[in-house]
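*Asks:* Supplied in structure tokens, the structure appears directly below.
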Amino acid sequence: MLLKTTIPPLDCWRTAPTIDTLRSIYDSSAHQWHNNLARLGQLHDYQLLFESQAAHLSHLDQTSQILDCGVGTGAFSLALLESVDQPAHVSGVDISPTMLTHAQQILENRCTTLDLRWGDIRHLPFADESFDAVIFAHVLEHMADPIETLREFVRVLKPGAPLIGSVTRKGLGQVLMSLRWRNRGYAPNQLDSLLQAAGLEAVRSFDYGTGWSKWMCIATIGVKPIYKRLEFKVYAHSLGAQLKWKDSPTKQLRQTPTGGTDEL
Ligand SMILES: C[S@@+](CC[C@H](N)C(=O)[O-])C[C@H]1O[C@@H](n2cnc3c(N)ncnc32)[C@H](O)[C@@H]1O
């Protein structure tokens, strides 16, 4: 597979919003957020997106761990759970406490367990390789350094597990939206490069949905490689063999009563 080494330039963005600015924007919109998504058909489109990625989600069951970064009111997680048609352990991180309060109400009866945390997705409060899938919708647009953020998502993914996201498409609609939401937009080739730079493979960015999302959004998916762990195992195995080989000449022998030798 050919990896692109150059990242296409992102928007000139000298005034990335601060966390406090974003928190107050989303706190004040939380009460109408879910209804607005339903009105725009985005709840349905999110579900179409996950249904189209069924092959990447077939490993999920009631014991699986899913993380939604920038969970908001929980719409993206809800769509995933409905598309796989069974509950799972869902964790979500968001900087807006009011969004999280709504997410708690919307998701609590749909999951095996629900763990919502108030925090910054650039520093996730989870151990490496904890999740069977990491998802994110419309939060990468707010990141000053999207590659660093994606690397943090990849850190907590188990090897072989998918990262699936939705972002705003770069264009006139996004420029108008950014006046309110302070978001930037991405082109599909930029997204592919960002996910590859974050260490994912089988990366693909594509259109999805039927209404609003079809014009305004791009989906993206990548899989965390498993070869690093395999490489380590092979290395550890051969290192063990070398140590054994090095050990053997240093073994001391002693004379047995019958005139033979055995190891000390
Ligand atoms: C556009 S909303 C999307 C919410 C949800 N994913 C959805 O699709 O409905 C973006 C969300 O990301 C959250 N957010 C923005 N920056 C964040 C950060 N650094 N860490 C955690 N959450 C963040 C906001 O509070 C908001 O809830």
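Convention: chains lettered A, B, ... in structure tokens order; per-chain residue numbering from 1; ligands numbered from 1 as shown.
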If the limit is 7 Å from any atom of ligand 1, counting only C-alpha atoms and all ligand atoms, which residues qualify? Return them as an mmCIF file with N, CA and C atoms, in the first residue's frame.

*Replies:*
```cif
data_model
loop_
_atom_site.group_PDB
_atom_site.id
_atom_site.type_symbol
_atom_site.label_atom_id
_atom_site.label_comp_id
_atom_site.auth_asym_id
_atom_site.auth_seq_id
_atom_site.Cartn_x
_atom_site.Cartn_y
_atom_site.Cartn_z
ATOM 1 N N ILE A 19 -11.212 25.986 24.306
ATOM 2 C CA ILE A 19 -12.114 24.993 24.906
ATOM 3 C C ILE A 19 -13.283 25.702 25.596
ATOM 4 N N LEU A 22 -15.827 26.843 23.015
ATOM 5 C CA LEU A 22 -16.606 25.712 22.490
ATOM 6 C C LEU A 22 -17.597 25.192 23.525
ATOM 7 N N ARG A 23 -17.125 25.106 24.767
ATOM 8 C CA ARG A 23 -18.012 24.582 25.809
ATOM 9 C C ARG A 23 -19.250 25.469 25.932
ATOM 10 N N TYR A 26 -21.644 24.940 22.933
ATOM 11 C CA TYR A 26 -22.404 23.684 22.946
ATOM 12 C C TYR A 26 -23.302 23.556 24.179
ATOM 13 N N CYS A 69 -16.002 9.880 20.877
ATOM 14 C CA CYS A 69 -15.232 11.084 21.232
ATOM 15 C C CYS A 69 -16.003 12.326 20.786
ATOM 16 N N GLY A 70 -16.283 13.242 21.715
ATOM 17 C CA GLY A 70 -17.153 14.380 21.401
ATOM 18 C C GLY A 70 -18.572 13.868 21.278
ATOM 19 N N VAL A 71 -18.998 13.121 22.308
ATOM 20 C CA VAL A 71 -20.246 12.340 22.248
ATOM 21 C C VAL A 71 -21.489 13.216 22.104
ATOM 22 N N GLY A 72 -21.415 14.488 22.550
ATOM 23 C CA GLY A 72 -22.585 15.366 22.468
ATOM 24 C C GLY A 72 -23.764 14.759 23.199
ATOM 25 N N THR A 73 -24.925 14.694 22.531
ATOM 26 C CA THR A 73 -26.119 14.112 23.155
ATOM 27 C C THR A 73 -26.222 12.605 22.906
ATOM 28 N N GLY A 74 -25.206 12.019 22.299
ATOM 29 C CA GLY A 74 -25.163 10.561 22.149
ATOM 30 C C GLY A 74 -25.713 10.038 20.834
ATOM 31 N N ALA A 75 -25.996 10.936 19.884
ATOM 32 C CA ALA A 75 -26.658 10.517 18.638
ATOM 33 C C ALA A 75 -25.843 9.514 17.824
ATOM 34 N N PHE A 76 -24.528 9.714 17.775
ATOM 35 C CA PHE A 76 -23.702 8.838 16.925
ATOM 36 C C PHE A 76 -23.626 7.437 17.553
ATOM 37 N N VAL A 93 -16.854 10.929 25.801
ATOM 38 C CA VAL A 93 -16.123 12.058 26.395
ATOM 39 C C VAL A 93 -16.589 13.331 25.714
ATOM 40 N N ASP A 94 -16.824 14.378 26.515
ATOM 41 C CA ASP A 94 -17.227 15.667 25.954
ATOM 42 C C ASP A 94 -16.856 16.780 26.929
ATOM 43 N N ILE A 95 -16.623 17.982 26.367
ATOM 44 C CA ILE A 95 -16.304 19.120 27.243
ATOM 45 C C ILE A 95 -17.550 19.846 27.722
ATOM 46 N N SER A 96 -18.715 19.505 27.168
ATOM 47 C CA SER A 96 -19.938 20.227 27.536
ATOM 48 C C SER A 96 -20.761 19.407 28.526
ATOM 49 N N MET A 99 -24.422 18.881 27.327
ATOM 50 C CA MET A 99 -24.539 17.828 26.299
ATOM 51 C C MET A 99 -24.517 16.456 26.978
ATOM 52 N N GLY A 119 -14.507 15.727 29.746
ATOM 53 C CA GLY A 119 -13.070 15.819 29.511
ATOM 54 C C GLY A 119 -12.754 16.211 28.086
ATOM 55 N N ASP A 120 -11.463 16.283 27.824
ATOM 56 C CA ASP A 120 -10.953 16.753 26.538
ATOM 57 C C ASP A 120 -10.469 15.540 25.732
ATOM 58 N N ILE A 121 -10.974 15.399 24.528
ATOM 59 C CA ILE A 121 -10.622 14.210 23.736
ATOM 60 C C ILE A 121 -9.158 14.199 23.289
ATOM 61 N N ARG A 122 -8.459 15.312 23.488
ATOM 62 C CA ARG A 122 -7.036 15.305 23.120
ATOM 63 C C ARG A 122 -6.220 14.547 24.157
ATOM 64 N N PHE A 136 -16.413 9.044 16.178
ATOM 65 C CA PHE A 136 -16.467 10.491 16.458
ATOM 66 C C PHE A 136 -17.293 11.164 15.370
ATOM 67 N N ALA A 137 -18.111 12.142 15.748
ATOM 68 C CA ALA A 137 -18.895 12.871 14.752
ATOM 69 C C ALA A 137 -18.793 14.365 15.014
ATOM 70 N N HIS A 138 -18.263 15.063 14.058
ATOM 71 C CA HIS A 138 -18.254 16.532 14.027
ATOM 72 C C HIS A 138 -17.556 17.157 15.222
ATOM 73 N N VAL A 139 -16.411 16.571 15.542
ATOM 74 C CA VAL A 139 -15.581 17.158 16.596
ATOM 75 C C VAL A 139 -14.174 17.433 16.068
ATOM 76 N N HIS A 142 -13.018 20.893 15.164
ATOM 77 C CA HIS A 142 -12.669 21.892 16.181
ATOM 78 C C HIS A 142 -11.215 21.762 16.645
ATOM 79 N N MET A 143 -10.494 20.783 16.128
ATOM 80 C CA MET A 143 -9.162 20.510 16.652
ATOM 81 C C MET A 143 -8.099 21.331 15.924
#
```

*Asks:* Would you please give, as a PDB file with C-alpha atoms, in the first residue's frame, all residues of range 147-198 of chain A that DSSP assigns to helix (DSSP H, G or I) based on the backbone?

*Replies:*
```pdb
ATOM      1  CA  ILE A 147      -3.366  14.479  13.645  1.00  0.00           C
ATOM      2  CA  GLU A 148      -2.437  14.611  17.331  1.00  0.00           C
ATOM      3  CA  THR A 149      -6.103  14.108  18.239  1.00  0.00           C
ATOM      4  CA  LEU A 150      -6.464  11.177  15.833  1.00  0.00           C
ATOM      5  CA  ARG A 151      -3.291   9.611  17.284  1.00  0.00           C
ATOM      6  CA  GLU A 152      -4.922   9.795  20.703  1.00  0.00           C
ATOM      7  CA  PHE A 153      -7.995   7.962  19.290  1.00  0.00           C
ATOM      8  CA  VAL A 154      -5.695   5.340  17.745  1.00  0.00           C
ATOM      9  CA  ARG A 155      -3.819   4.873  21.042  1.00  0.00           C
ATOM     10  CA  VAL A 156      -6.957   3.605  22.799  1.00  0.00           C
ATOM     11  CA  LEU A 172     -19.508  27.195   1.058  1.00  0.00           C
ATOM     12  CA  GLY A 173     -22.042  25.560   3.405  1.00  0.00           C
ATOM     13  CA  GLN A 174     -19.285  24.869   5.927  1.00  0.00           C
ATOM     14  CA  VAL A 175     -17.974  28.464   5.687  1.00  0.00           C
ATOM     15  CA  LEU A 176     -21.465  29.746   6.520  1.00  0.00           C
ATOM     16  CA  MET A 177     -21.827  27.229   9.374  1.00  0.00           C
ATOM     17  CA  SER A 178     -18.452  28.202  10.786  1.00  0.00           C
ATOM     18  CA  LEU A 179     -19.779  31.689  11.573  1.00  0.00           C
ATOM     19  CA  ARG A 180     -21.916  30.032  14.265  1.00  0.00           C
ATOM     20  CA  TRP A 181     -20.065  26.836  15.139  1.00  0.00           C
ATOM     21  CA  PRO A 188     -11.847  13.558   1.401  1.00  0.00           C
ATOM     22  CA  ASN A 189      -8.167  13.447   0.381  1.00  0.00           C
ATOM     23  CA  GLN A 190      -7.206  15.537   3.421  1.00  0.00           C
ATOM     24  CA  LEU A 191      -9.050  13.165   5.713  1.00  0.00           C
ATOM     25  CA  ASP A 192      -7.392  10.120   4.173  1.00  0.00           C
ATOM     26  CA  SER A 193      -3.979  11.692   4.721  1.00  0.00           C
ATOM     27  CA  LEU A 194      -4.776  12.634   8.308  1.00  0.00           C
ATOM     28  CA  LEU A 195      -5.913   9.114   9.213  1.00  0.00           C
ATOM     29  CA  GLN A 196      -2.871   7.577   7.541  1.00  0.00           C
ATOM     30  CA  ALA A 197      -0.568  10.013   9.346  1.00  0.00           C
TER      31      ALA A 197
END
```

*Asks:* With a distance cut-off of 7 Å and only C-alpha atoms, select the neighbouring residues of range 49-58 of chain A, excluding the residue or stretch itself and same-chain residues fewer than 5 positions from it, and output the selection as number ranges by chain.

*Replies:* A: 80, 83, 162, 208-209

*Asks:* Can you work out which one of A:Lys214, A:His31, A:Pro225, A:Phe206 has the shortest atom-to-atom distance to Leu100 in chain A, counting only C-alpha atoms?

*Replies:* A:His31

*Asks:* Apply DSSP to the backbone of this structure and, from range 84-139 of chain A, keep only the residues in strand (DSSP E or B); write these as a ChimeraX atom specification.

*Replies:* /A:89-94,113-118,131,133-137

*Asks:* Using only C-alpha atoms, can you tell me which of A:Arg39, A:His123, A:His102, A:His44 comes closest to Thr210 in chain A?

*Replies:* A:His44

*Asks:* When you draw a straight line from CA of Ile221 in chain A to CA of Ser64 in chain A, how long is it in Å?

*Replies:*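 We find that CA of Ile221 in chain A and CA of Ser64 in chain A lie 18.6 Å from each other.
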